[in-house]
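Quick look at my_file_2.txt (compact mmCIF, C-alpha atoms (C1' of nucleotides)):
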# COMPACT_ATOMS: atom_id res chain seq x y z
CA MET A 30 14.84 -0.18 4.79
CA GLY A 31 11.35 0.65 3.63
CA ALA A 32 12.22 3.38 1.15
CA THR A 33 12.14 2.64 -2.56
CA LYS A 34 15.65 2.07 -3.92
CA THR A 35 15.28 4.68 -6.63
CA ALA A 36 19.02 5.03 -7.26
CA HIS A 37 19.27 1.42 -8.40
CA PHE A 38 17.01 1.93 -11.38
CA THR A 39 17.34 3.93 -14.58
CA ASP A 40 15.99 7.46 -14.97
CA GLN A 41 13.42 6.25 -17.44
CA GLN A 42 12.23 3.48 -15.14
CA ASN A 43 11.86 5.98 -12.33
CA ARG A 44 10.06 8.49 -14.53
CA ILE A 45 7.52 5.96 -15.79
CA ALA A 46 6.99 4.68 -12.26
CA THR A 47 6.47 8.21 -10.91
CA ILE A 48 3.79 9.01 -13.47
CA ALA A 49 2.04 5.67 -12.96
CA LYS A 50 2.20 6.06 -9.20
CA ALA A 51 0.53 9.47 -9.39
CA LEU A 52 -2.31 7.83 -11.32
CA GLY A 53 -2.51 5.01 -8.77
CA HIS A 54 -5.22 6.47 -6.59
CA PRO A 55 -8.95 6.54 -7.36
CA ALA A 56 -9.34 10.13 -6.19
CA ARG A 57 -6.71 11.24 -8.68
CA ILE A 58 -8.39 9.23 -11.43
CA ALA A 59 -11.67 10.90 -10.46
CA ILE A 60 -10.04 14.31 -10.76
CA ILE A 61 -8.79 13.44 -14.24
CA GLU A 62 -12.19 12.10 -15.28
CA HIS A 63 -13.79 15.32 -14.16
CA LEU A 64 -11.32 17.31 -16.23
CA ILE A 65 -12.15 15.09 -19.22
CA LYS A 66 -15.89 15.38 -18.70
CA VAL A 67 -15.84 19.15 -18.64
CA ASN A 68 -13.34 19.23 -21.51
CA GLU A 69 -11.79 22.49 -20.44
CA CYS A 70 -9.94 24.03 -17.56
CA ILE A 71 -11.57 23.76 -14.19
CA CYS A 72 -11.45 26.66 -11.84
CA GLY A 73 -12.60 25.63 -8.46
CA ASP A 74 -15.29 22.99 -8.45
CA ILE A 75 -13.00 19.99 -8.04
CA VAL A 76 -13.47 19.93 -4.28
CA ASN A 77 -17.25 19.81 -4.67
CA GLU A 78 -16.99 16.87 -7.05
CA LEU A 79 -15.06 14.61 -4.68
CA PRO A 80 -16.06 12.88 -1.45
CA LEU A 81 -12.96 14.21 0.29
CA ALA A 82 -12.09 17.24 2.39
CA GLN A 83 -10.51 20.29 0.79
CA PRO A 84 -6.98 19.74 2.16
CA THR A 85 -7.02 16.17 0.89
CA VAL A 86 -8.08 17.24 -2.59
CA SER A 87 -5.43 19.94 -2.57
CA GLN A 88 -2.82 17.33 -1.73
CA HIS A 89 -3.94 15.04 -4.57
CA LEU A 90 -3.84 17.97 -7.00
CA LYS A 91 -0.32 18.73 -5.86
CA GLU A 92 0.79 15.16 -6.57
CA LEU A 93 -0.73 15.23 -10.03
CA LYS A 94 1.02 18.54 -10.65
CA ASN A 95 4.37 17.25 -9.37
CA ALA A 96 4.13 14.28 -11.70
CA GLY A 97 3.39 16.65 -14.59
CA ILE A 98 -0.04 15.15 -15.24
CA ILE A 99 -1.94 18.38 -14.72
CA LYS A 100 -1.01 22.03 -15.04
CA GLY A 101 -2.38 24.78 -12.84
CA ASN A 102 -2.65 28.42 -13.84
CA ILE A 103 -3.55 31.09 -11.35
CA GLU A 104 -6.70 32.82 -12.50
CA GLY A 105 -7.82 35.59 -10.19
CA ASN A 106 -8.24 34.10 -6.75
CA SER A 107 -8.85 30.60 -7.99
CA ILE A 108 -6.67 28.21 -9.96
CA CYS A 109 -7.36 26.82 -13.38
CA TYR A 110 -6.40 23.19 -13.81
CA CYS A 111 -6.09 21.15 -16.95
CA ILE A 112 -4.49 17.93 -18.14
CA ASP A 113 -1.01 17.93 -19.63
CA GLU A 114 -1.53 15.33 -22.30
CA ASN A 115 2.18 15.20 -23.11
CA THR A 116 2.89 13.44 -19.84
CA ILE A 117 0.13 10.92 -20.40
CA ALA A 118 1.54 10.38 -23.89
CA ILE A 119 4.87 9.27 -22.39
CA LEU A 120 3.06 6.47 -20.56
CA ASN A 121 0.98 5.69 -23.59
CA THR A 122 3.99 5.21 -25.82
CA TYR A 123 5.51 2.98 -23.21
CA PHE A 124 2.38 0.87 -22.95
CA LEU A 125 2.06 0.53 -26.71
CA LYS A 126 5.51 -1.05 -26.71
CA ILE A 127 4.39 -3.51 -24.05
CA ILE A 128 1.21 -4.41 -25.91
CA ASP A 129 3.12 -4.81 -29.14
CA THR A 130 5.66 -7.11 -27.54
CA GLY A 131 2.92 -9.07 -25.81
CA ALA A 132 1.23 -9.74 -29.11
CA LYS A 133 4.43 -11.17 -30.62
CA LYS A 134 5.54 -13.31 -27.74
CA LYS A 135 6.13 -17.00 -28.18
CA CYS A 136 4.45 -18.57 -25.17
CA CYS A 137 1.74 -18.35 -22.43
CA MET B 28 -7.98 7.82 8.46
CA GLY B 29 -5.00 6.84 6.38
CA ALA B 30 -6.70 4.20 4.28
CA THR B 31 -7.80 5.00 0.76
CA LYS B 32 -11.56 5.60 0.57
CA THR B 33 -12.07 3.00 -2.15
CA ALA B 34 -15.80 2.68 -1.54
CA HIS B 35 -16.42 6.30 -2.49
CA PHE B 36 -15.23 5.86 -6.06
CA THR B 37 -16.58 3.90 -9.00
CA ASP B 38 -15.44 0.38 -9.85
CA GLN B 39 -13.77 1.64 -13.00
CA GLN B 40 -11.91 4.37 -11.17
CA ASN B 41 -10.67 1.83 -8.65
CA ARG B 42 -9.68 -0.65 -11.35
CA ILE B 43 -7.67 1.90 -13.33
CA ALA B 44 -6.01 3.14 -10.14
CA THR B 45 -5.11 -0.41 -9.08
CA ILE B 46 -3.39 -1.18 -12.38
CA ALA B 47 -1.56 2.17 -12.41
CA LYS B 48 -0.52 1.71 -8.80
CA ALA B 49 1.00 -1.68 -9.57
CA LEU B 50 3.08 0.01 -12.27
CA GLY B 51 4.08 2.77 -9.88
CA HIS B 52 7.36 1.29 -8.70
CA PRO B 53 10.64 1.24 -10.63
CA ALA B 54 11.37 -2.37 -9.70
CA ARG B 55 8.09 -3.44 -11.24
CA ILE B 56 8.81 -1.38 -14.34
CA ALA B 57 12.22 -3.06 -14.51
CA ILE B 58 10.56 -6.47 -14.32
CA ILE B 59 8.27 -5.56 -17.20
CA GLU B 60 11.16 -4.18 -19.24
CA HIS B 61 13.03 -7.42 -18.76
CA LEU B 62 10.03 -9.39 -19.96
CA ILE B 63 9.86 -7.11 -23.01
CA LYS B 64 13.56 -7.39 -23.74
CA VAL B 65 13.54 -11.16 -23.73
CA ASN B 66 10.30 -11.20 -25.70
CA GLU B 67 9.17 -14.49 -24.25
CA CYS B 68 8.30 -16.05 -20.96
CA ILE B 69 10.92 -15.88 -18.27
CA CYS B 70 11.49 -18.85 -16.06
CA GLY B 71 13.70 -17.88 -13.21
CA ASP B 72 16.25 -15.19 -13.93
CA ILE B 73 14.22 -12.21 -12.76
CA VAL B 74 15.85 -12.18 -9.35
CA ASN B 75 19.32 -12.03 -10.91
CA GLU B 76 18.32 -9.06 -13.05
CA LEU B 77 17.25 -6.85 -10.16
CA PRO B 78 19.23 -5.14 -7.38
CA LEU B 79 16.85 -6.51 -4.78
CA ALA B 80 16.70 -9.57 -2.55
CA GLN B 81 14.69 -12.59 -3.61
CA PRO B 82 11.77 -12.09 -1.16
CA THR B 83 11.42 -8.48 -2.33
CA VAL B 84 11.30 -9.51 -5.98
CA SER B 85 8.80 -12.21 -5.16
CA GLN B 86 6.60 -9.62 -3.48
CA HIS B 87 6.76 -7.30 -6.50
CA LEU B 88 5.89 -10.18 -8.82
CA LYS B 89 2.91 -10.96 -6.62
CA GLU B 90 1.66 -7.40 -6.90
CA LEU B 91 1.99 -7.41 -10.67
CA LYS B 92 0.13 -10.73 -10.73
CA ASN B 93 -2.64 -9.46 -8.44
CA ALA B 94 -3.16 -6.45 -10.70
CA GLY B 95 -3.37 -8.81 -13.70
CA ILE B 96 -0.33 -7.28 -15.39
CA ILE B 97 1.64 -10.52 -15.55
CA LYS B 98 0.66 -14.16 -15.60
CA GLY B 99 2.67 -16.97 -14.03
CA ASN B 100 2.60 -20.60 -15.09
CA ILE B 101 4.24 -23.31 -13.04
CA GLU B 102 6.87 -25.01 -15.15
CA GLY B 103 8.66 -27.80 -13.34
CA ASN B 104 10.11 -26.38 -10.17
CA SER B 105 10.32 -22.86 -11.52
CA ILE B 106 7.63 -20.42 -12.67
CA CYS B 107 7.21 -18.96 -16.11
CA TYR B 108 6.16 -15.32 -16.17
CA CYS B 109 4.85 -13.24 -19.02
CA ILE B 110 2.98 -9.99 -19.58
CA ASP B 111 -0.79 -9.99 -19.91
CA GLU B 112 -1.14 -7.34 -22.55
CA ASN B 113 -4.91 -7.21 -22.13
CA THR B 114 -4.56 -5.51 -18.78
CA ILE B 115 -2.13 -2.96 -20.15
CA ALA B 116 -4.57 -2.38 -22.99
CA ILE B 117 -7.25 -1.32 -20.50
CA LEU B 118 -4.97 1.46 -19.29
CA ASN B 119 -3.92 2.29 -22.81
CA THR B 120 -7.50 2.77 -23.97
CA TYR B 121 -8.18 4.94 -20.97
CA PHE B 122 -5.14 7.12 -21.60
CA LEU B 123 -5.90 7.49 -25.28
CA LYS B 124 -9.19 9.04 -24.27
CA ILE B 125 -7.33 11.49 -22.04
CA ILE B 126 -4.87 12.45 -24.76
CA ASP B 127 -7.67 12.88 -27.25
CA THR B 128 -9.57 15.15 -24.89
CA GLY B 129 -6.41 17.08 -24.07
CA ALA B 130 -5.85 17.81 -27.73
CA LYS B 131 -9.36 19.25 -28.10
CA LYS B 132 -9.45 21.33 -24.99
CA LYS B 133 -10.20 25.03 -25.12
CA CYS B 134 -7.64 26.59 -22.81
CA CYS B 135 -4.21 26.39 -21.10
C1' DT C 21 15.11 -40.94 0.84
C1' DA C 22 18.12 -36.99 1.06
C1' DT C 23 19.42 -32.96 -1.07
C1' DC C 24 19.38 -29.22 -4.14
C1' DT C 25 16.98 -25.40 -6.50
C1' DA C 26 13.36 -22.13 -7.17
C1' DT C 27 9.87 -19.59 -5.29
C1' DA C 28 6.64 -18.17 -1.56
C1' DT C 29 5.44 -16.72 3.06
C1' DC C 30 6.22 -14.81 7.72
C1' DG C 31 7.72 -11.38 10.75
C1' DT C 32 9.27 -6.98 11.34
C1' DA C 33 11.67 -2.41 10.89
C1' DA C 34 11.91 1.77 8.16
C1' DT C 35 9.51 4.78 5.43
C1' DA C 36 5.58 6.63 2.70
C1' DT C 37 0.78 7.63 1.89
C1' DT C 38 -3.83 9.01 3.09
C1' DG C 39 -7.02 11.96 5.28
C1' DC C 40 -8.51 15.79 7.90
C1' DA C 41 -8.83 19.73 11.41
C1' DA C 42 -6.68 23.89 12.14
C1' DT C 43 -4.46 27.52 10.24
C1' DA C 44 -2.14 30.38 6.72
C1' DT C 45 -2.10 32.74 2.37
C1' DT C 46 -3.70 35.44 -1.39
C1' DA C 47 -6.69 37.99 -4.25
C1' DA C 48 -11.30 39.85 -4.93
C1' DA C 49 -15.21 42.35 -3.20
C1' DT C 50 -17.30 45.39 -0.09
C1' DA D 17 -9.18 48.44 5.72
C1' DT D 18 -12.19 44.49 6.44
C1' DT D 19 -14.44 40.72 4.95
C1' DT D 20 -15.15 36.92 1.89
C1' DA D 21 -13.72 33.12 -1.10
C1' DA D 22 -10.38 29.87 -2.93
C1' DT D 23 -6.49 27.28 -2.26
C1' DA D 24 -2.23 25.81 0.26
C1' DT D 25 0.37 24.35 4.30
C1' DT D 26 1.06 22.34 8.83
C1' DG D 27 0.70 18.76 12.07
C1' DC D 28 -0.68 14.45 13.22
C1' DA D 29 -3.00 9.82 13.51
C1' DA D 30 -4.16 5.68 10.88
C1' DT D 31 -2.78 2.74 7.44
C1' DA D 32 0.05 0.97 3.55
C1' DT D 33 4.35 0.00 1.23
C1' DT D 34 9.07 -1.43 0.81
C1' DA D 35 12.77 -4.29 1.93
C1' DC D 36 14.95 -8.28 3.75
C1' DG D 37 16.41 -12.22 6.99
C1' DA D 38 14.60 -16.44 8.34
C1' DT D 39 11.92 -20.07 7.18
C1' DA D 40 8.59 -22.88 4.56
C1' DT D 41 7.15 -25.35 0.43
C1' DA D 42 7.43 -28.02 -3.71
C1' DG D 43 9.45 -30.18 -7.59
C1' DA D 44 13.87 -32.13 -9.56
C1' DT D 45 17.79 -34.84 -9.10
C1' DA D 46 21.23 -37.80 -7.07
Take the structure from the file and write it as structure tokens.
Amino acid sequence: MGATKTAHFTDQQNRIATIAKALGHPARIAIIEHLIKVNECICGDIVNELPLAQPTVSQHLKELKNAGIIKGNIEGNSICYCIDENTIAILNTYFLKIIDTGAKKKCC
Amino acid sequence: MGATKTAHFTDQQNRIATIAKALGHPARIAIIEHLIKVNECICGDIVNELPLAQPTVSQHLKELKNAGIIKGNIEGNSICYCIDENTIAILNTYFLKIIDTGAKKKCC
DNA sequence: TATCTATATCGTAATATTGCAATATTAAAT
DNA sequence: ATTTAATATTGCAATATTACGATATAGATA
């Protein structure tokens, strides 16, 4: 025991959970906010923006990439990161459904 | 080491991450989907809907409650749960900003 | 009161995440 | 070819999460 019982849930439930989980850390939110602030691809200064060591930042970037939240293009000897808004849109659509249902509910 | 360095990030970054983290498990997504499907408060049958033992479900409900995603009202000897769409809306607003920025970005 | 039903809490094992130092890799610059 | 700069990987310790059996709690019902 201890491991998430992924196989017992639907693909969609697992996909939504994976994206949300990747966003569930303040360092990863800070990375995204930096990408928003600059409003273009970032090549390199993410480590300097965060209060974390380089390997830790690299690991967080990897998780965001695995979840499809950011994309990374190799650009010379650095890497250019930017947000993949399509992935965020999947969550957004899901949340809109929740908000919509919440507004129509009959109690609480 | 090992613990998240919460103190190094802003309150907003931590708040967003906390809500996203609570949604980052398929069982908790399944709970929310059940609440949506029924479209009203649920008093009791959540345990029967999930492939998990009662203490595990109770723990997941507690996490959703702590993050403000669901509300629970005592109703006789059972508890009535429903979604707090205001909390989801916080995330939704945040993500809309990301999508908007993504659409305007200059590269990738 | 005794019992049943619903939910929460405790204790604990298995597993996952976080963070970083050390090291590896890769491409550019000299 | 060597050095420099940027990023990734490895290995490991600290901490957190997940899951569940056992047990506790609290309201309803007989």
Self-check item: Residues within 10 Å of C:DT35, all atoms listed in the file, excluding chain neighbours under 2 positions, as a count of residues only
Solution: 8
Exercise. Using all atoms listed in the file, select each residue of chain B with any atom at most 7 Å away from an atom of chain A, and give the selection as a ChimeraX atom specification.
Key: /B:35-36,40-41,44-45,47-48,50-53,56-57,63,66-68,78,109-110,112,115-116,119,122,125-126,128-129,132-135
Write the selection just made, keeping C-alpha atoms, as a JSON list (two decimals), in the coordinates of the input?
[["chain", "number", "residue", "atom", "x", "y", "z"],
["B", 35, "HIS", "CA", -16.42, 6.30, -2.49],
["B", 36, "PHE", "CA", -15.23, 5.86, -6.06],
["B", 40, "GLN", "CA", -11.91, 4.37, -11.17],
["B", 41, "ASN", "CA", -10.67, 1.83, -8.65],
["B", 44, "ALA", "CA", -6.01, 3.14, -10.14],
["B", 45, "THR", "CA", -5.11, -0.41, -9.08],
["B", 47, "ALA", "CA", -1.56, 2.17, -12.41],
["B", 48, "LYS", "CA", -0.52, 1.71, -8.80],
["B", 50, "LEU", "CA", 3.08, 0.01, -12.27],
["B", 51, "GLY", "CA", 4.08, 2.77, -9.88],
["B", 52, "HIS", "CA", 7.36, 1.29, -8.70],
["B", 53, "PRO", "CA", 10.64, 1.24, -10.63],
["B", 56, "ILE", "CA", 8.81, -1.38, -14.34],
["B", 57, "ALA", "CA", 12.22, -3.06, -14.51],
["B", 63, "ILE", "CA", 9.86, -7.11, -23.01],
["B", 66, "ASN", "CA", 10.30, -11.20, -25.70],
["B", 67, "GLU", "CA", 9.17, -14.49, -24.25],
["B", 68, "CYS", "CA", 8.30, -16.05, -20.96],
["B", 78, "PRO", "CA", 19.23, -5.14, -7.38],
["B", 109, "CYS", "CA", 4.85, -13.24, -19.02],
["B", 110, "ILE", "CA", 2.98, -9.99, -19.58],
["B", 112, "GLU", "CA", -1.14, -7.34, -22.55],
["B", 115, "ILE", "CA", -2.13, -2.96, -20.15],
["B", 116, "ALA", "CA", -4.57, -2.38, -22.99],
["B", 119, "ASN", "CA", -3.92, 2.29, -22.81],
["B", 122, "PHE", "CA", -5.14, 7.12, -21.60],
["B", 125, "ILE", "CA", -7.33, 11.49, -22.04],
["B", 126, "ILE", "CA", -4.87, 12.45, -24.76],
["B", 128, "THR", "CA", -9.57, 15.15, -24.89],
["B", 129, "GLY", "CA", -6.41, 17.08, -24.07],
["B", 132, "LYS", "CA", -9.45, 21.33, -24.99],
["B", 133, "LYS", "CA", -10.20, 25.03, -25.12],
["B", 134, "CYS", "CA", -7.64, 26.59, -22.81],
["B", 135, "CYS", "CA", -4.21, 26.39, -21.10]]
Mind fitting chain A to chain B by least squares on all Cα atoms in order and giving back the moved coordinates as a JSON list (two decimals) with C-alpha atoms, in the frame of the given file?
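To be explicit, this is the file written out as result_8.json:
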[["chain", "number", "residue", "atom", "x", "y", "z"],
["A", 30, "MET", "CA", -8.00, 7.71, 8.59],
["A", 31, "GLY", "CA", -5.06, 6.91, 6.36],
["A", 32, "ALA", "CA", -6.68, 4.21, 4.25],
["A", 33, "THR", "CA", -7.79, 5.01, 0.72],
["A", 34, "LYS", "CA", -11.55, 5.59, 0.56],
["A", 35, "THR", "CA", -12.07, 3.02, -2.16],
["A", 36, "ALA", "CA", -15.82, 2.67, -1.57],
["A", 37, "HIS", "CA", -16.41, 6.30, -2.52],
["A", 38, "PHE", "CA", -15.22, 5.84, -6.07],
["A", 39, "THR", "CA", -16.56, 3.89, -9.03],
["A", 40, "ASP", "CA", -15.41, 0.37, -9.88],
["A", 41, "GLN", "CA", -13.76, 1.62, -13.03],
["A", 42, "GLN", "CA", -11.90, 4.36, -11.18],
["A", 43, "ASN", "CA", -10.65, 1.82, -8.68],
["A", 44, "ARG", "CA", -9.66, -0.65, -11.38],
["A", 45, "ILE", "CA", -7.65, 1.90, -13.34],
["A", 46, "ALA", "CA", -6.01, 3.13, -10.15],
["A", 47, "THR", "CA", -5.10, -0.42, -9.09],
["A", 48, "ILE", "CA", -3.38, -1.17, -12.38],
["A", 49, "ALA", "CA", -1.55, 2.16, -12.41],
["A", 50, "LYS", "CA", -0.50, 1.72, -8.80],
["A", 51, "ALA", "CA", 1.01, -1.69, -9.56],
["A", 52, "LEU", "CA", 3.09, -0.01, -12.27],
["A", 53, "GLY", "CA", 4.10, 2.77, -9.88],
["A", 54, "HIS", "CA", 7.36, 1.29, -8.70],
["A", 55, "PRO", "CA", 10.65, 1.24, -10.62],
["A", 56, "ALA", "CA", 11.39, -2.37, -9.69],
["A", 57, "ARG", "CA", 8.10, -3.45, -11.23],
["A", 58, "ILE", "CA", 8.82, -1.39, -14.34],
["A", 59, "ALA", "CA", 12.23, -3.07, -14.50],
["A", 60, "ILE", "CA", 10.58, -6.48, -14.31],
["A", 61, "ILE", "CA", 8.29, -5.56, -17.20],
["A", 62, "GLU", "CA", 11.18, -4.19, -19.25],
["A", 63, "HIS", "CA", 13.05, -7.42, -18.75],
["A", 64, "LEU", "CA", 10.04, -9.39, -19.95],
["A", 65, "ILE", "CA", 9.88, -7.12, -23.01],
["A", 66, "LYS", "CA", 13.59, -7.41, -23.72],
["A", 67, "VAL", "CA", 13.55, -11.18, -23.70],
["A", 68, "ASN", "CA", 10.26, -11.22, -25.63],
["A", 69, "GLU", "CA", 9.13, -14.50, -24.17],
["A", 70, "CYS", "CA", 8.29, -16.09, -20.87],
["A", 71, "ILE", "CA", 10.91, -15.87, -18.19],
["A", 72, "CYS", "CA", 11.54, -18.80, -15.97],
["A", 73, "GLY", "CA", 13.71, -17.82, -13.12],
["A", 74, "ASP", "CA", 16.27, -15.18, -13.93],
["A", 75, "ILE", "CA", 14.24, -12.19, -12.77],
["A", 76, "VAL", "CA", 15.89, -12.19, -9.35],
["A", 77, "ASN", "CA", 19.35, -12.05, -10.93],
["A", 78, "GLU", "CA", 18.35, -9.07, -13.05],
["A", 79, "LEU", "CA", 17.28, -6.86, -10.16],
["A", 80, "PRO", "CA", 19.26, -5.17, -7.39],
["A", 81, "LEU", "CA", 16.88, -6.54, -4.77],
["A", 82, "ALA", "CA", 16.72, -9.60, -2.55],
["A", 83, "GLN", "CA", 14.70, -12.63, -3.61],
["A", 84, "PRO", "CA", 11.79, -12.11, -1.18],
["A", 85, "THR", "CA", 11.44, -8.52, -2.34],
["A", 86, "VAL", "CA", 11.33, -9.54, -5.99],
["A", 87, "SER", "CA", 8.81, -12.24, -5.16],
["A", 88, "GLN", "CA", 6.62, -9.65, -3.50],
["A", 89, "HIS", "CA", 6.78, -7.32, -6.51],
["A", 90, "LEU", "CA", 5.90, -10.21, -8.82],
["A", 91, "LYS", "CA", 2.92, -11.00, -6.63],
["A", 92, "GLU", "CA", 1.65, -7.42, -6.90],
["A", 93, "LEU", "CA", 1.99, -7.43, -10.66],
["A", 94, "LYS", "CA", 0.13, -10.74, -10.74],
["A", 95, "ASN", "CA", -2.64, -9.48, -8.44],
["A", 96, "ALA", "CA", -3.15, -6.47, -10.68],
["A", 97, "GLY", "CA", -3.37, -8.79, -13.69],
["A", 98, "ILE", "CA", -0.33, -7.27, -15.38],
["A", 99, "ILE", "CA", 1.63, -10.51, -15.54],
["A", 100, "LYS", "CA", 0.64, -14.15, -15.60],
["A", 101, "GLY", "CA", 2.63, -16.93, -14.00],
["A", 102, "ASN", "CA", 2.56, -20.56, -15.09],
["A", 103, "ILE", "CA", 4.20, -23.26, -13.05],
["A", 104, "GLU", "CA", 6.82, -24.97, -15.18],
["A", 105, "GLY", "CA", 8.61, -27.77, -13.39],
["A", 106, "ASN", "CA", 10.11, -26.33, -10.24],
["A", 107, "SER", "CA", 10.30, -22.81, -11.56],
["A", 108, "ILE", "CA", 7.61, -20.40, -12.69],
["A", 109, "CYS", "CA", 7.18, -18.95, -16.13],
["A", 110, "TYR", "CA", 6.14, -15.32, -16.17],
["A", 111, "CYS", "CA", 4.84, -13.23, -19.02],
["A", 112, "ILE", "CA", 2.96, -10.00, -19.59],
["A", 113, "ASP", "CA", -0.82, -9.98, -19.89],
["A", 114, "GLU", "CA", -1.17, -7.34, -22.54],
["A", 115, "ASN", "CA", -4.95, -7.21, -22.12],
["A", 116, "THR", "CA", -4.57, -5.50, -18.77],
["A", 117, "ILE", "CA", -2.13, -2.97, -20.15],
["A", 118, "ALA", "CA", -4.58, -2.38, -22.99],
["A", 119, "ILE", "CA", -7.25, -1.30, -20.49],
["A", 120, "LEU", "CA", -4.94, 1.48, -19.29],
["A", 121, "ASN", "CA", -3.94, 2.31, -22.82],
["A", 122, "THR", "CA", -7.50, 2.82, -23.96],
["A", 123, "TYR", "CA", -8.10, 5.00, -20.97],
["A", 124, "PHE", "CA", -5.05, 7.12, -21.69],
["A", 125, "LEU", "CA", -5.95, 7.51, -25.35],
["A", 126, "LYS", "CA", -9.21, 9.08, -24.22],
["A", 127, "ILE", "CA", -7.30, 11.51, -22.02],
["A", 128, "ILE", "CA", -4.87, 12.44, -24.79],
["A", 129, "ASP", "CA", -7.71, 12.89, -27.23],
["A", 130, "THR", "CA", -9.60, 15.16, -24.87],
["A", 131, "GLY", "CA", -6.45, 17.10, -24.07],
["A", 132, "ALA", "CA", -5.90, 17.82, -27.73],
["A", 133, "LYS", "CA", -9.41, 19.27, -28.12],
["A", 134, "LYS", "CA", -9.54, 21.36, -25.00],
["A", 135, "LYS", "CA", -10.23, 25.05, -25.17],
["A", 136, "CYS", "CA", -7.67, 26.58, -22.83],
["A", 137, "CYS", "CA", -4.23, 26.33, -21.11]]
Would you tabulate, counting all atoms listed in the file, all residues of chain A that have an atom at most 12 Å from an atom of chain D, showing the closest pair of atoms and their distance in Å to one decimal, sorted by chain then ascending number, as JSON lines?
{"residue": "A:Met30", "atom": "CA", "partner": "D:DA35", "partner_atom": "C1'", "distance": 5.4}
{"residue": "A:Gly31", "atom": "CA", "partner": "D:DT34", "partner_atom": "C1'", "distance": 4.2}
{"residue": "A:Ala32", "atom": "CA", "partner": "D:DT34", "partner_atom": "C1'", "distance": 5.8}
{"residue": "A:Thr33", "atom": "CA", "partner": "D:DT34", "partner_atom": "C1'", "distance": 6.1}
{"residue": "A:Lys34", "atom": "CA", "partner": "D:DT34", "partner_atom": "C1'", "distance": 8.8}
{"residue": "A:Thr35", "atom": "CA", "partner": "D:DT34", "partner_atom": "C1'", "distance": 11.5}
{"residue": "A:Cys72", "atom": "CA", "partner": "D:DA22", "partner_atom": "C1'", "distance": 9.5}
{"residue": "A:Gly73", "atom": "CA", "partner": "D:DA22", "partner_atom": "C1'", "distance": 7.3}
{"residue": "A:Asp74", "atom": "CA", "partner": "D:DA22", "partner_atom": "C1'", "distance": 10.1}
{"residue": "A:Ile75", "atom": "CA", "partner": "D:DT23", "partner_atom": "C1'", "distance": 11.4}
{"residue": "A:Val76", "atom": "CA", "partner": "D:DT23", "partner_atom": "C1'", "distance": 10.3}
{"residue": "A:Gln83", "atom": "CA", "partner": "D:DT23", "partner_atom": "C1'", "distance": 8.6}
{"residue": "A:Pro84", "atom": "CA", "partner": "D:DA24", "partner_atom": "C1'", "distance": 7.9}
{"residue": "A:Thr85", "atom": "CA", "partner": "D:DA24", "partner_atom": "C1'", "distance": 10.8}
{"residue": "A:Val86", "atom": "CA", "partner": "D:DT23", "partner_atom": "C1'", "distance": 10.2}
{"residue": "A:Ser87", "atom": "CA", "partner": "D:DA24", "partner_atom": "C1'", "distance": 7.3}
{"residue": "A:Gln88", "atom": "CA", "partner": "D:DA24", "partner_atom": "C1'", "distance": 8.7}
{"residue": "A:His89", "atom": "CA", "partner": "D:DA24", "partner_atom": "C1'", "distance": 11.9}
{"residue": "A:Leu90", "atom": "CA", "partner": "D:DT23", "partner_atom": "C1'", "distance": 10.8}
{"residue": "A:Lys91", "atom": "CA", "partner": "D:DA24", "partner_atom": "C1'", "distance": 9.6}
{"residue": "A:Gly101", "atom": "CA", "partner": "D:DT23", "partner_atom": "C1'", "distance": 11.6}
{"residue": "A:Ile103", "atom": "CA", "partner": "D:DT23", "partner_atom": "C1'", "distance": 10.3}
{"residue": "A:Glu104", "atom": "CA", "partner": "D:DA22", "partner_atom": "C1'", "distance": 10.7}
{"residue": "A:Gly105", "atom": "CA", "partner": "D:DA22", "partner_atom": "C1'", "distance": 9.6}
{"residue": "A:Asn106", "atom": "CA", "partner": "D:DA22", "partner_atom": "C1'", "distance": 6.1}
{"residue": "A:Ser107", "atom": "CA", "partner": "D:DA22", "partner_atom": "C1'", "distance": 5.3}
{"residue": "A:Ile108", "atom": "CA", "partner": "D:DT23", "partner_atom": "C1'", "distance": 7.8}
{"residue": "A:Cys109", "atom": "CA", "partner": "D:DT23", "partner_atom": "C1'", "distance": 11.2}
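Of note, atom C1' of C:DA34 and atom CA of A:Glu92 are spaced 22.8 Å apart.
The coordinates place atom CA of A:Glu78 at 16.6 Å from atom CA of A:Leu93.
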Cut-off 12 Å: closest chain C/chain A atom pairs per residue, using all atoms listed in the file, as CSV:
residue,atom,partner,partner_atom,distance
C:DT32,C1',A:Met30,CA,11.0
C:DA33,C1',A:Met30,CA,7.2
C:DA34,C1',A:Gly31,CA,4.7
C:DT35,C1',A:Gly31,CA,4.9
C:DA36,C1',A:Ala32,CA,7.6
C:DT37,C1',A:His54,CA,10.5
C:DT38,C1',A:Thr85,CA,8.1
C:DG39,C1',A:Thr85,CA,6.1
C:DC40,C1',A:Ala82,CA,6.7
C:DA41,C1',A:Pro84,CA,9.4
C:DA42,C1',A:Pro84,CA,10.8
C:DT43,C1',A:Pro84,CA,11.5
C:DT45,C1',A:Asn106,CA,11.1
C:DT46,C1',A:Asn106,CA,7.2
C:DA47,C1',A:Asn106,CA,4.9
C:DA48,C1',A:Asn106,CA,6.8
C:DA49,C1',A:Asn106,CA,11.4
Exercise. Tell me, in Å to one decimal, how far atom CA of A:Ala96 is from atom CA of A:His63.
Key: 18.1 Å
